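Colleague: The structure follows.
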Amino acid sequence: MKRILAVLATAAVVLSTSAAWAQTKTPAEARKALDAAVAASQNDKKATKAATWQKLGQAYMAAYEAPAGSVWRGASKQELMYVMGSEKPVATEDVVISGQPMTKEVYADKNLYFNAYGQVDIIEVTRPVEKDALDKALEAYEKCLALDPKKAKDIGKEYEKISSRYMNDAFNAYQLGDVKLASTLFEKAGFACDREPVNKIDTSAVYNAGFTAIVLGEKERAQKLLEKCYEMGYYSDGEVYAKLAEVDTLNTRKYLEEGFAAFPQSQSILIGLINYYLTHNESPDRLFELLDMAKVNEPNNASLYYVEGNIHGQLGQIDEAVASYRECAEINPQYEYGYIGEGVLFYNKAIEVQTKAQEEMDDNKYMALVAEFEKDLKACIEPFEKAYSVSKDNAIRVNIAEYLKNAFYRFRDQDPSYQAGYDKYNEVVKSGEAK
């Protein structure tokens with residue numbers, strides 16, 4: 001989320017205040033003018049003239065602009081009093097958009113969202129004069145240019161205007177939670193100018209389309225869009241590499257390592273590489289190098305120490321694993337996974353020792369293994385109970401209770417506190433509800 005909002009920070013202000021006071025048609029006027037322009041384009045004689053199609057494109061653009069009228073993003077309520085005249089909202093409500101409190105004013109053909117500073121942040125058209133007006137304007141301008149190439153300069157400006165409108169609408173849709181619509185509009189914004197005379201692709205819009213395609217689970221489409229960014233040398237601070245590695249699983253390592261060479265500070269690439277090496281059991285030393293780099297970038301990211309503990313554990317480096325898990329918990333005492341990591345480490349170690357003990361025929365060695373088993377099993381109790389106390393996730397807490405129930409059961413005859421612990425966590429497991 002942060003990445004896409006950062007990329008779009010300037011895209012949302014496409015409609016600048018310099019154009020805010022421009023005259024716009026009312027929806028009724030725009031409808032009438034559009035109907036006349038469409039009729040002219042259907043006239044066999046007039047349809048052969050470039051001007052007819054240019055006017056049709058302009059009519060579609062006027063229809064697109066009409067519901068918003070003279071409202072612009074960033075306008076205050078006081079400013080809108082002058083430009084909206086007698087137009088009043090039919091309802092007002094407090095809403096939360098992308099985590100931010102806003103005031104929503106509902107009009108007959110649009111919703112205006114005001115931020116905490118009392119400025120228009122989102123203009124949502126709810127009753128367009130013409131559906132898909134931007135698409136149709138683009139088609140009309142293409143026909144105009146085909147009939148008269150001399151109009152290239154003017155039509156090129158119109159293409160750029162259409163691209164900016166797509167981008168603005170995409171950002172609005174994304175903020176309002178309609179990711180599917182946003183993704184479609186980002187793609188249209190990216191390729192609106194990919195034609196004569198502009199011949200330019202908006203790679204930031206294409207990246208946003210790819211990003212949202214991943215969110216939607218459309219991996220093939222995402223790969224195609226992100227590959228276009230890659231081909232054009234647009235990397236979005238390394239995010240293109242990280243996202244391509246995610247969707248193009250045949251080339252995951254290629255994109256991650258190439259991306260790391262170009263953007264060593266990218267946390268997304270570092271985490272991607274760490275996950276890759278963990279999954280493929282490759283180059284543990286390289287993993288620790290990457291983790292150290294990640295810690296420099298995010299020294300307070302407790303999850304990095306949790307991952308480090310897991311790696312040490314897989315390598316049989318118990319002391320190092322415990323140290324990493326405890327540092328994880330020290331950095332963020334409310335992050336349950338540091339405690340869980342240590343608890344699982346000792347619990348699994350206890351199970352391994354128990355298996356060895358069952359296979360041991362020598363009595364002295366057997367008793368030594370039993371003592372080691374009990375020591376490890378008791379060692380898991382404290383971190384598991386800490387994890388249980390700080391976790392807010394019921395499913396996680398019930399899972400932790402399963403471990404604790406088993407551990408306390410072993411020692412229930414040694415002390416009443418162990419019996420009490422067993423009773424407590426056994427009830428949690430049976431009910432499925434952590435208390």
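Residues are named by chain letter and number: chains run A, B, ... in the order of the structure tokens, numbers start at 1 in each chain, and ligands are numbered from 1 in the order shown.
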Excluding stretch 107-110 of chain A and any residue of its chain fewer than 4 positions from it, enumerate the residues within 10 Å of it, using only C-alpha atoms, and give them as JSON, numbers by chain.
Modeller: {"A": [27, 66, 67, 68, 69, 87, 88, 89, 90, 91, 92, 123, 124, 125, 126, 127, 128, 129]}
Colleague: Using only C-alpha atoms, which residues sit within 10 Å of A:Lys153 once same-chain residues fewer than 5 positions away are excluded, as JSON, numbers by chain?
Modeller: {"A": [145, 158, 196, 197, 198]}
Colleague: Near stretch 355-359 of chain A, counting only C-alpha atoms, which residues have an atom at most 6 Å away, once you skip same-chain residues fewer than 3 positions from it, shown as a ChimeraX atom specification?
Modeller: /A:352,366,369
Colleague: Between atom CA of A:Gly210 and atom CA of A:Glu142, what is the spacing in Å?
Modeller: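 If I compute the distance from atom CA of A:Glu142 to atom CA of A:Gly210, I get 26.2 Å.
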Colleague: Have a look at A:Glu289, A:Asp169, A:Asp248, A:Asp154 and name the one nearest to A:Ile122; count only C-alpha atoms.
Modeller: A:Asp169
Colleague: Expressed in Å to a single decimal, how great is the separation between atom CA of A:Gln175 and atom CA of A:Tyr60?
Modeller: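 We find that atom CA of A:Gln175 and atom CA of A:Tyr60 lie 25.5 Å from each other.
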Colleague: Just how far from atom CA of A:Asn426 is atom CA of A:Gly309, in Å to one decimal?
Modeller: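 Computed distance, atom CA of A:Gly309 to atom CA of A:Asn426, equals 28.6 Å.
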Colleague: Could you list, as JSON, numbers by chain, every residue within 9 Å of A:Val370, counting only C-alpha atoms and ignoring same-chain residues fewer than 4 positions away?
Modeller: {"A": [353, 354, 357, 365, 366, 374, 375]}
Colleague: Write out, as JSON lines, each residue of stretch 247-350 of chain A that has an atom at most 12 Å from stretch 397-411 of chain A, together with the closest pair of atoms and their distance in Å to one decimal, counting only C-alpha atoms, rows going by chain and rising number.
Modeller:
{"residue": "A:Glu336", "atom": "CA", "partner": "A:Arg397", "partner_atom": "CA", "distance": 9.7}
{"residue": "A:Tyr337", "atom": "CA", "partner": "A:Ile400", "partner_atom": "CA", "distance": 10.9}
{"residue": "A:Tyr339", "atom": "CA", "partner": "A:Ile400", "partner_atom": "CA", "distance": 10.4}
{"residue": "A:Ile340", "atom": "CA", "partner": "A:Ile400", "partner_atom": "CA", "distance": 7.8}
{"residue": "A:Gly341", "atom": "CA", "partner": "A:Ile400", "partner_atom": "CA", "distance": 11.1}
{"residue": "A:Gly343", "atom": "CA", "partner": "A:Tyr403", "partner_atom": "CA", "distance": 8.7}
{"residue": "A:Val344", "atom": "CA", "partner": "A:Tyr403", "partner_atom": "CA", "distance": 8.4}
{"residue": "A:Leu345", "atom": "CA", "partner": "A:Tyr403", "partner_atom": "CA", "distance": 11.7}
{"residue": "A:Phe346", "atom": "CA", "partner": "A:Ala407", "partner_atom": "CA", "distance": 10.8}
{"residue": "A:Tyr347", "atom": "CA", "partner": "A:Tyr403", "partner_atom": "CA", "distance": 7.9}
{"residue": "A:Asn348", "atom": "CA", "partner": "A:Tyr403", "partner_atom": "CA", "distance": 10.3}
{"residue": "A:Ala350", "atom": "CA", "partner": "A:Ala407", "partner_atom": "CA", "distance": 9.9}
Colleague: DSSP on the backbone: which residues in stretch 23-186 of chain A end up as helix (DSSP H, G or I)? Give the answer as a PyMOL selection string.
Modeller: chain A and resi 27-41+46-48+50-65+77-84+133-147+149-175+179-186
Colleague: Excluding stretch 44-56 of chain A and its own-chain neighbours fewer than 2 positions away, which residues fall within 6 Å of it when counting only C-alpha atoms? Please give them as a count of residues only.
Modeller: 9
Colleague: Excluding same-chain residues fewer than 4 positions from A:Asn332, what lies within 8 Å of it counting only C-alpha atoms, as a ChimeraX atom specification?
Modeller: /A:300,302,328
Colleague: Could the residues in this selection be saved with N, CA, C and O atoms as a compact mmCIF listing (two decimals), in the first residue's frame?
Modeller:
# COMPACT_ATOMS: atom_id res chain seq x y z
N ASN A 300 14.79 -1.92 13.57
CA ASN A 300 13.72 -2.24 14.51
C ASN A 300 12.71 -3.23 13.95
O ASN A 300 11.61 -3.37 14.50
N ALA A 302 11.55 -6.53 13.96
CA ALA A 302 11.73 -7.74 14.77
C ALA A 302 11.65 -9.01 13.93
O ALA A 302 12.30 -10.02 14.25
N CYS A 328 14.72 -10.67 18.92
CA CYS A 328 13.44 -10.37 18.27
C CYS A 328 12.43 -9.90 19.31
O CYS A 328 11.77 -8.86 19.14
Colleague: Pick out the residues sitting within 9 Å of A:Ala62, and hand them over as a PyMOL selection string; count only C-alpha atoms, and ignore anything fewer than 4 positions along from it in its own chain.
Modeller: chain A and resi 24-25+27+30-31+33-34+57-58+66
Colleague: Write a file of the just-selected residues containing N, CA, C and O atoms, as a compact mmCIF listing (two decimals), in the first residue's frame.
Modeller:
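Listed below is the output, selection_13.txt:
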# COMPACT_ATOMS: atom_id res chain seq x y z
N THR A 24 -17.24 25.05 -17.52
CA THR A 24 -17.63 23.69 -17.87
C THR A 24 -19.12 23.67 -18.16
O THR A 24 -19.89 24.45 -17.59
N LYS A 25 -19.53 22.78 -19.03
CA LYS A 25 -20.95 22.64 -19.36
C LYS A 25 -21.67 21.93 -18.21
O LYS A 25 -21.09 21.13 -17.48
N PRO A 27 -24.30 19.08 -16.94
CA PRO A 27 -24.54 17.75 -17.50
C PRO A 27 -25.57 17.77 -18.63
O PRO A 27 -25.40 17.07 -19.65
N ALA A 30 -23.94 19.28 -21.70
CA ALA A 30 -22.95 18.36 -22.24
C ALA A 30 -23.64 17.22 -22.99
O ALA A 30 -23.18 16.78 -24.05
N ARG A 31 -24.76 16.74 -22.44
CA ARG A 31 -25.51 15.66 -23.10
C ARG A 31 -26.04 16.10 -24.46
O ARG A 31 -25.95 15.37 -25.45
N ALA A 33 -24.92 18.57 -26.38
CA ALA A 33 -23.81 18.79 -27.31
C ALA A 33 -23.24 17.46 -27.80
O ALA A 33 -22.89 17.32 -28.97
N LEU A 34 -23.16 16.48 -26.92
CA LEU A 34 -22.63 15.17 -27.30
C LEU A 34 -23.55 14.47 -28.28
O LEU A 34 -23.09 13.88 -29.27
N GLY A 57 -14.59 14.14 -30.14
CA GLY A 57 -13.68 13.90 -29.02
C GLY A 57 -13.82 14.96 -27.94
O GLY A 57 -13.86 14.66 -26.74
N GLN A 58 -13.93 16.22 -28.36
CA GLN A 58 -14.12 17.32 -27.41
C GLN A 58 -15.44 17.18 -26.65
O GLN A 58 -15.52 17.47 -25.46
N ALA A 66 -18.34 17.22 -17.07
CA ALA A 66 -19.54 17.92 -16.63
C ALA A 66 -20.01 17.61 -15.20
O ALA A 66 -20.31 18.53 -14.44
Colleague: Calculated over only C-alpha atoms, which of the candidates A:Ile201, A:Ala182, A:Val120, A:Ile318 has the smallest distance to A:Glu160?
Modeller: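 Closest candidate: A:Ile201.
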